[in-house]
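Below is one structure; the comments refer to it alone.
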Amino acid sequence: MKSVVDSGIEDLSKMSFEVSEEQKLILDEVDRACKELRPFEDRAYLSSSFNDHLVPIFSKAQLLGLPVSRRYGNGQGADILTYALALERIGREGTGVRTFLSGHVSLGQLTVQKWGSEQQKERFLPPATRGEKVMCFGLTEPTAGSDPAGLRTSFEDHGGFYYVNGSKAWISNGSIADVAVVFAYPKGKQEGMCAFVVEKEFEGYSSQQQKHKLGMPTSDTGSLFFDNCKVPKENLLGPIGKGLSVAYSGLMSGRLSVAAGCLGVIEDCIDEAVAYARQRVQHGKPIGKHQLVQRHIGLMATNLEAARNLTYKAALLKQRSDEEPRNVELRDQADIMIAKSKLFASNASFDAADRTVQIFGSSGYSFETRAPRHLVDTRVCRIYEGTDEIMVQKIAVGLLGPGFEAYK
Ligand SMILES: Cc1cc2nc3c(=O)[nH]c(=O)nc-3n(C[C@H](O)[C@H](O)[C@H](O)COP(=O)(O)OP(=O)(O)OC[C@H]3O[C@@H](n4cnc5c(N)ncnc54)[C@H](O)[C@@H]3O)c2cc1C
């Protein structure tokens with residue numbers, strides 16, 4: 001009999017994480033672009049501003065539409081594992097850098113690619129893949145976070161347009177986005193959610209930057225406001241009433257991008273910790289010779305392997321699920337593996353940043369070193385795209401079965 005904790009995927013053990021020649025070429029280019037970006041990111045971080053070099057550098061390296069079909073602009077048609085490996089490398093540059101891609105590509109472009117009509121894809125994807133237009137994904141509201149079904153933004157169908165009213169909060173790329181995927185209920189209802197593509201120029205649309213954040217000073221976070229915002233009918237995304245399905249599919253891609261980015265954070269912390277522990281001398285020897293310091297490094301390295309295995313498995317399952325969109329069982333397995341990878345990797349990255357700060361001692365208390373940046377930046381990974389608590393419940397209910405949901 002199959003155990004309840006069996007993954008259900010018969011040949012999971014045969015999944016290969018080997019990097020092909022083609023993947024290697026892409027990853028070399030990602031590495032090159034990251035190296036070019038780093039000095040600008042350093043400067044932007046210390047002055048708490050958005051890094052204006054990010055879009056041009058990543059656009060030149062053709063990274064802004066990496067997993068998007070080659071049919072659209074600079075889409076590269078990379079598979080999900082390759083995209084995850086790229087985000088892993090990008091994560092080393094900081095959670096703020098990776099968050100830009102999560103909002104612009106994973107949540108923005110991939111949602112349009114999955115749910116959009118051919119006309120919508122041809123219109124919105126090419127400029128986004130080229131970095132001419134920035135995308136964001138507006139689901140969260142001041143009163144609806146973990147429970148997106150409780151959102152209050154509404155739309156009314158009137159004279160060939162949808163009139164959208166309400167607001168969104170804590171949206172990555174929110175104040176710099178040209179194109180936003182947003183969610184709303186028909187006016188006066190709390191069911192039949194719809195998704196829309198809202199463009200910056202639309203009458204009644206505005207945005208504002210969120211200030212005074214704990215971390216990610218180089219990542220733009222914003223609120224979106226809709227005041228009788230006039231959205232043309234052709235900007236409805238996906239079928240009428242299927243907004244929640246559109247949102248959940250976007251969140252799957254987004255969560256996976258968070259997990260992948262966190263791998264890079266752990267790697268950067270390990271590199272920093274090892275280099276420092278080799279050269280910093282206390283009590284007559286490098287601190288790397290003190291066993292309690294070695295413990296930090298050993299635990300970080302172990303967590304990294306565990307997080308990688310979960311995340312790569314999740315990426316391969318997501319790839320398969322994308323190839324078989326009607327297979328609900330496969331989608332649910334991918335969903336749960338993604339939740340596990342996000343939960344584990346985001347906690348492991350926060351832990352790694354904390355341990356690295358500890359190894360650096362007082363030098364780790366200055367934002368001129370990398371570890372404290374990771375510490376404050378990666379904290380958000382345990383909150384956005386579904387909190388730790390929501391991920392744990394999803395995983396547990398997957399085992400307990402229907403009827404055990406902690407909430408509806
Ligand atoms: C920097 C940043 C960027 C973001 N980017 C985006 C974005 O691009 N797009 C977007 O739509 N949103 C974005 N978010 C919003 C984010 O997804 C939400 O903040 C998150 O889903 C949590 O919602 P909340 O903050 O309203 O917390 P709440 O839902 O109010 O939760 C508060 C606490 O209660 C717990 N809780 C809630 N419900 C339950 C339950 N049923 N059982 C147990 N515990 C529960 C939570 O786990 C949490 O600990 C971003 C947030 C941040 C901070």
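FYI, nothing fancy with the structure tokens labels: chains A, B, ... in order, residues from 1 per chain, ligands from 1 as they appear.
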
Open item on the list: Give me the residues near Thr378 of chain A as a PyMOL selection string, where near means some atom within 8 Å (using only C-alpha atoms) and where sequence neighbours in that chain fewer than 3 positions away do not count.
Closed with: chain A and resi 95+215+262+265+346+349-350+374-375+381-382

Task: 7 Å shell around ligand 1 using only C-alpha atoms and all ligand atoms, listed as an MDAnalysis selection string - done: chainID A and resid 103 136:140 142:147 169:173 221 380 383:390 406:407

Can you write out the residues you just picked, keeping C-alpha atoms, as a short mmCIF file (atom, residue, chain, number, x, y, z; two decimals), in the first residue's frame?
data_model
loop_
_atom_site.label_atom_id
_atom_site.label_comp_id
_atom_site.auth_asym_id
_atom_site.auth_seq_id
_atom_site.Cartn_x
_atom_site.Cartn_y
_atom_site.Cartn_z
CA GLY A 103 6.97 40.43 -9.86
CA CYS A 136 3.38 43.67 -11.32
CA PHE A 137 0.75 41.43 -9.73
CA GLY A 138 -1.80 43.13 -7.50
CA LEU A 139 -3.68 40.71 -5.30
CA THR A 140 -3.07 41.84 -1.68
CA PRO A 142 -5.08 46.44 3.11
CA THR A 143 -7.74 44.07 4.50
CA ALA A 144 -7.02 40.92 2.43
CA GLY A 145 -3.63 39.20 2.60
CA SER A 146 -3.54 35.51 3.50
CA ASP A 147 -7.20 35.38 2.56
CA ALA A 169 -1.19 47.16 -0.97
CA TRP A 170 2.35 45.86 -0.75
CA ILE A 171 2.75 45.18 -4.47
CA SER A 172 6.27 44.42 -5.72
CA ASN A 173 7.20 46.81 -8.58
CA THR A 221 6.96 48.11 -3.33
CA VAL A 380 10.04 38.92 3.63
CA ILE A 383 5.69 36.50 4.53
CA TYR A 384 4.98 37.22 0.87
CA GLU A 385 3.43 34.85 -1.65
CA GLY A 386 1.92 32.97 1.31
CA THR A 387 3.23 33.11 4.88
CA ASP A 388 5.02 30.28 6.69
CA GLU A 389 1.76 29.47 8.45
CA ILE A 390 -0.23 29.24 5.21
CA ALA A 406 -7.97 25.06 8.42
CA TYR A 407 -10.04 27.67 6.56
#

- [ ] With a distance cut-off of 12 Å and only C-alpha atoms, select the neighbouring residues of segment 293-304 of chain A, excluding the residue or stretch itself and same-chain residues fewer than 3 positions from it, and output the selection as JSON, numbers by chain.
- [x] {"A": [88, 259, 260, 261, 262, 263, 264, 265, 266, 267, 268, 269, 270, 271, 272, 273, 274, 275, 276, 277, 278, 280, 282, 286, 287, 288, 289, 290, 307, 308, 309, 310, 311, 312, 341, 344, 345, 346, 347, 348, 349, 350, 351, 352, 353, 354, 355, 356, 357, 358, 359, 360, 361]}

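Restricting the calculation to only C-alpha atoms, the smallest distance between Pro148 of chain A and any of A:Tyr162, A:Tyr248, A:Phe50, A:Phe100 is found for A:Tyr248.
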
Open item on the list: If you run DSSP on the backbone here, which positions in segment 281-386 of chain A get helix (DSSP H, G or I)? Please write them as a PyMOL selection string.
Closed with: chain A and resi 287-289+291-323+328-365+370-382

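Distance annotation: of A:Met216, A:Val134, A:Leu244, A:Met337, the residue with the minimal separation from Tyr185 of chain A is A:Leu244; atom set is only C-alpha atoms.
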
TODO: Could you tell me which of A:Lys121, A:Lys318, A:Lys133, A:Arg89 comes closest to Arg71 of chain A if we count only C-alpha atoms?
DONE: A:Lys121

- [ ] Quick one: pick out all strand (DSSP E) residues within segment 69-316 of chain A from a backbone DSSP run and write them as a PyMOL selection string.
- [x] chain A and resi 135-138+154-158+161-172+179-186+194-199+205-209+221-232+236-237+281-282+285-286
